[in-house]
$ cat my_file_32.pdb   # PDB, C-alpha atoms
MODEL        1
ATOM      1  CA  VAL A 254     157.692 330.977 298.479  1.00  0.00           C
ATOM      2  CA  MET A 255     158.596 334.506 297.644  1.00  0.00           C
ATOM      3  CA  GLU A 256     159.941 333.474 294.338  1.00  0.00           C
ATOM      4  CA  SER A 257     156.723 331.643 293.415  1.00  0.00           C
ATOM      5  CA  ARG A 258     154.700 334.744 294.301  1.00  0.00           C
ATOM      6  CA  SER A 259     156.827 336.889 292.062  1.00  0.00           C
ATOM      7  CA  ILE A 260     156.415 334.416 289.194  1.00  0.00           C
ATOM      8  CA  ASP A 261     152.677 334.298 289.768  1.00  0.00           C
ATOM      9  CA  SER A 262     152.417 338.056 289.825  1.00  0.00           C
ATOM     10  CA  LEU A 263     154.603 338.300 286.741  1.00  0.00           C
ATOM     11  CA  LEU A 264     152.412 335.793 284.867  1.00  0.00           C
ATOM     12  CA  ARG A 265     149.240 337.613 285.946  1.00  0.00           C
ATOM     13  CA  SER A 266     150.584 340.925 284.763  1.00  0.00           C
ATOM     14  CA  LEU A 267     151.628 339.424 281.429  1.00  0.00           C
ATOM     15  CA  ILE A 268     148.219 337.842 280.942  1.00  0.00           C
ATOM     16  CA  SER A 269     146.409 341.047 281.795  1.00  0.00           C
ATOM     17  CA  GLN A 270     148.638 343.061 279.458  1.00  0.00           C
ATOM     18  CA  SER A 271     148.107 340.628 276.584  1.00  0.00           C
ATOM     19  CA  LEU A 272     144.345 340.698 277.183  1.00  0.00           C
ATOM     20  CA  CYS A 273     144.424 344.474 277.054  1.00  0.00           C
ATOM     21  CA  ILE A 274     146.358 344.363 273.798  1.00  0.00           C
ATOM     22  CA  LEU A 275     143.940 341.823 272.350  1.00  0.00           C
ATOM     23  CA  SER A 276     140.915 343.787 273.417  1.00  0.00           C
ATOM     24  CA  SER A 277     142.311 347.062 272.106  1.00  0.00           C
ATOM     25  CA  SER A 278     143.172 345.444 268.761  1.00  0.00           C
ATOM     26  CA  ALA A 279     139.650 344.003 268.544  1.00  0.00           C
ATOM     27  CA  VAL A 280     138.203 347.453 269.215  1.00  0.00           C
ATOM     28  CA  TRP A 281     140.524 348.971 266.610  1.00  0.00           C
ATOM     29  CA  LYS A 282     139.372 346.382 264.035  1.00  0.00           C
ATOM     30  CA  LEU A 283     135.765 347.112 264.867  1.00  0.00           C
ATOM     31  CA  ARG A 284     136.268 350.831 264.481  1.00  0.00           C
ATOM     32  CA  ARG A 285     138.237 350.372 261.275  1.00  0.00           C
ATOM     33  CA  SER A 286     135.495 348.220 259.700  1.00  0.00           C
ATOM     34  CA  GLU A 287     132.895 350.815 260.604  1.00  0.00           C
ATOM     35  CA  THR A 288     134.795 353.601 258.839  1.00  0.00           C
ATOM     36  CA  MET A 289     135.694 351.590 255.743  1.00  0.00           C
ATOM     37  CA  PRO A 290     133.488 352.405 252.762  1.00  0.00           C
ATOM     38  CA  SER A 291     131.441 349.588 251.314  1.00  0.00           C
ATOM     39  CA  ILE A 292     132.484 348.060 248.031  1.00  0.00           C
ATOM     40  CA  THR A 293     129.748 349.807 246.078  1.00  0.00           C
ATOM     41  CA  GLU A 294     130.698 353.175 247.549  1.00  0.00           C
ATOM     42  CA  TYR A 295     134.329 352.525 246.682  1.00  0.00           C
ATOM     43  CA  ASP A 296     133.499 351.479 243.144  1.00  0.00           C
ATOM     44  CA  GLU A 297     131.279 354.452 242.438  1.00  0.00           C
ATOM     45  CA  ALA A 298     133.671 356.938 244.004  1.00  0.00           C
ATOM     46  CA  GLU A 299     136.922 355.591 242.608  1.00  0.00           C
ATOM     47  CA  LEU A 300     135.958 354.412 239.139  1.00  0.00           C
ATOM     48  CA  GLU A 301     135.661 357.924 237.819  1.00  0.00           C
ATOM     49  CA  THR A 302     139.101 358.955 239.075  1.00  0.00           C
ATOM     50  CA  VAL A 303     141.050 355.825 238.063  1.00  0.00           C
ATOM     51  CA  GLU A 304     143.438 356.576 235.202  1.00  0.00           C
ATOM     52  CA  GLU A 305     144.112 353.246 233.486  1.00  0.00           C
ATOM     53  CA  THR A 306     144.547 352.389 229.873  1.00  0.00           C
ATOM     54  CA  LEU A 307     142.657 349.506 228.313  1.00  0.00           C
ATOM     55  CA  GLY A 308     145.888 347.525 228.130  1.00  0.00           C
ATOM     56  CA  GLU A 309     146.524 347.971 231.844  1.00  0.00           C
ATOM     57  CA  ARG A 310     143.010 346.831 232.668  1.00  0.00           C
ATOM     58  CA  LEU A 311     143.329 343.767 230.460  1.00  0.00           C
ATOM     59  CA  TRP A 312     146.714 342.957 231.984  1.00  0.00           C
ATOM     60  CA  GLY A 313     145.101 343.232 235.413  1.00  0.00           C
ATOM     61  CA  LEU A 314     142.445 340.749 234.374  1.00  0.00           C
ATOM     62  CA  THR A 315     145.114 338.154 233.581  1.00  0.00           C
ATOM     63  CA  GLU A 316     145.794 337.855 237.292  1.00  0.00           C
ATOM     64  CA  MET A 317     142.230 336.624 237.797  1.00  0.00           C
ATOM     65  CA  ILE A 318     142.573 333.743 235.322  1.00  0.00           C
ATOM     66  CA  PRO A 319     144.206 330.607 236.759  1.00  0.00           C
ATOM     67  CA  GLU A 320     147.339 329.167 235.179  1.00  0.00           C
ATOM     68  CA  SER A 321     145.480 325.954 234.308  1.00  0.00           C
ATOM     69  CA  ALA A 322     143.200 327.944 232.004  1.00  0.00           C
ATOM     70  CA  TYR A 323     146.225 329.287 230.137  1.00  0.00           C
ATOM     71  CA  THR A 324     147.653 325.777 229.835  1.00  0.00           C
ATOM     72  CA  ALA A 325     144.361 324.315 228.609  1.00  0.00           C
ATOM     73  CA  THR A 326     143.922 327.133 226.099  1.00  0.00           C
ATOM     74  CA  GLY A 327     147.462 326.653 224.818  1.00  0.00           C
ATOM     75  CA  ARG A 328     146.918 322.929 224.394  1.00  0.00           C
ATOM     76  CA  THR A 329     143.622 323.506 222.596  1.00  0.00           C
ATOM     77  CA  ILE A 330     145.259 325.919 220.181  1.00  0.00           C
ATOM     78  CA  THR A 331     148.136 323.500 219.570  1.00  0.00           C
ATOM     79  CA  VAL A 332     145.738 320.617 218.883  1.00  0.00           C
ATOM     80  CA  GLY A 333     143.632 322.861 216.632  1.00  0.00           C
ATOM     81  CA  LYS A 334     146.686 323.859 214.609  1.00  0.00           C
ATOM     82  CA  ALA A 335     147.765 320.222 214.277  1.00  0.00           C
ATOM     83  CA  ILE A 336     144.301 319.204 213.072  1.00  0.00           C
ATOM     84  CA  PHE A 337     144.232 322.115 210.609  1.00  0.00           C
ATOM     85  CA  HIS A 338     147.630 321.177 209.134  1.00  0.00           C
ATOM     86  CA  PHE A 339     146.614 317.497 208.917  1.00  0.00           C
ATOM     87  CA  VAL A 340     143.356 318.331 207.109  1.00  0.00           C
ATOM     88  CA  LYS A 341     145.154 320.764 204.810  1.00  0.00           C
ATOM     89  CA  SER A 342     147.778 318.177 203.858  1.00  0.00           C
ATOM     90  CA  SER A 343     145.165 315.458 203.445  1.00  0.00           C
ATOM     91  CA  MET A 344     143.037 317.608 201.167  1.00  0.00           C
ATOM     92  CA  TRP A 345     146.081 318.461 199.050  1.00  0.00           C
ATOM     93  CA  ILE A 346     147.033 314.792 198.712  1.00  0.00           C
ATOM     94  CA  ILE A 347     143.481 313.695 197.888  1.00  0.00           C
ATOM     95  CA  SER A 348     142.826 316.475 195.360  1.00  0.00           C
ATOM     96  CA  THR A 349     146.134 316.072 193.519  1.00  0.00           C
ATOM     97  CA  SER A 350     145.713 312.269 193.470  1.00  0.00           C
ATOM     98  CA  MET A 351     142.233 312.612 192.004  1.00  0.00           C
ATOM     99  CA  VAL A 352     143.498 314.968 189.321  1.00  0.00           C
ATOM    100  CA  VAL A 353     146.418 312.710 188.454  1.00  0.00           C
ATOM    101  CA  LEU A 354     144.284 309.553 188.417  1.00  0.00           C
ATOM    102  CA  THR A 355     141.090 310.832 186.783  1.00  0.00           C
ATOM    103  CA  PHE A 356     142.480 313.337 184.264  1.00  0.00           C
ATOM    104  CA  PRO A 357     144.089 310.686 182.004  1.00  0.00           C
ATOM    105  CA  VAL A 358     140.905 308.558 182.126  1.00  0.00           C
ATOM    106  CA  ALA A 359     138.755 311.552 181.165  1.00  0.00           C
ATOM    107  CA  LEU A 360     141.120 312.462 178.306  1.00  0.00           C
ATOM    108  CA  GLU A 361     141.157 308.894 176.994  1.00  0.00           C
ATOM    109  CA  SER A 362     137.366 308.589 177.094  1.00  0.00           C
ATOM    110  CA  GLU A 363     136.994 311.922 175.268  1.00  0.00           C
ATOM    111  CA  ARG A 364     139.530 310.779 172.639  1.00  0.00           C
ATOM    112  CA  ALA A 365     137.585 307.517 172.143  1.00  0.00           C
ATOM    113  CA  ASN A 366     134.301 309.447 171.710  1.00  0.00           C
ATOM    114  CA  MET A 367     135.916 311.755 169.162  1.00  0.00           C
ATOM    115  CA  GLU A 368     137.334 308.749 167.282  1.00  0.00           C
ATOM    116  CA  MET A 369     133.892 307.117 167.092  1.00  0.00           C
ATOM    117  CA  ALA A 370     132.327 310.388 165.896  1.00  0.00           C
ATOM    118  CA  ARG A 371     135.001 310.728 163.192  1.00  0.00           C
ATOM    119  CA  GLU A 372     134.458 307.143 162.000  1.00  0.00           C
ATOM    120  CA  THR A 373     130.694 307.733 161.861  1.00  0.00           C
ATOM    121  CA  GLU A 374     131.219 310.864 159.743  1.00  0.00           C
ATOM    122  CA  GLN A 375     133.547 308.992 157.372  1.00  0.00           C
ATOM    123  CA  ARG A 376     131.006 306.209 156.894  1.00  0.00           C
ATOM    124  CA  GLN A 377     128.247 308.670 156.144  1.00  0.00           C
ATOM    125  CA  ALA A 378     130.469 310.484 153.662  1.00  0.00           C
ATOM    126  CA  LEU A 379     131.487 307.264 151.890  1.00  0.00           C
ATOM    127  CA  PHE A 380     128.215 305.389 151.901  1.00  0.00           C
ATOM    128  CA  GLY A 381     125.768 308.265 151.910  1.00  0.00           C
ATOM    129  CA  ALA A 382     122.827 308.502 154.223  1.00  0.00           C
ATOM    130  CA  GLY A 383     122.885 304.794 154.736  1.00  0.00           C
ATOM    131  CA  PRO A 384     122.042 301.672 152.735  1.00  0.00           C
ATOM    132  CA  SER A 385     118.434 301.422 151.800  1.00  0.00           C
ATOM    133  CA  GLN A 386     117.025 298.197 152.898  1.00  0.00           C
ATOM    134  CA  PRO A 387     114.575 296.530 150.591  1.00  0.00           C
ATOM    135  CA  GLY A 388     111.192 296.210 152.132  1.00  0.00           C
ATOM    136  CA  PRO A 389     108.830 293.288 151.681  1.00  0.00           C
ATOM    137  CA  ALA A 390     107.388 293.238 148.217  1.00  0.00           C
TER
ENDMDL
END
$ encode --input "my_file_32.pdb" --output "structure tokens"
Amino acid sequence: VMESRSIDSLLRSLISQSLCILSSSAVWKLRRSETMPSITEYDEAELETVEETLGERLWGLTEMIPESAYTATGRTITVGKAIFHFVKSSMWIISTSMVVLTFPVALESERANMEMARETEQRQALFGAGPSQPGPA
């Protein structure tokens, strides 16, 4: 029986001590929150004294952006580059093919027009202004 009383008293003392610790920590937290400046007070007071370069501030902002945003941005840039190179190659192929295919046709048609003009000039030089056709008498 004596042993059970000592255990009971020991447990009671432990419980009371832990409650005291809990209550004192709760009071300490309450006091600490009362003395902490608000965010706006902190911002106004500390912004003027903070010595950071623009690079350091930008580097600090990278911690706010999630890794998935970096991955998505990287993929978008990669896809954009691939599309750009595809369009560039396609335009080169189409434009050079058009030049190669249409240039000879244009030259040949111009040569044929010049040949017809030359033949017309030769006929006019040989036969004059043209044969006069007899009209009805």
$ atom_distance --input "my_file_32.pdb" --atom1 "CA of Arg310 (chain A)" --atom2 "CA of Thr326 (chain A)"
20.8 Å
$ atom_distance --input "my_file_32.pdb" --atom1 "CA of Gly381 (chain A)" --atom2 "CA of Met369 (chain A)"
17.3 Å
$ atom_distance --input "my_file_32.pdb" --atom1 "CA of Val353 (chain A)" --atom2 "CA of Val340 (chain A)"
19.7 Å
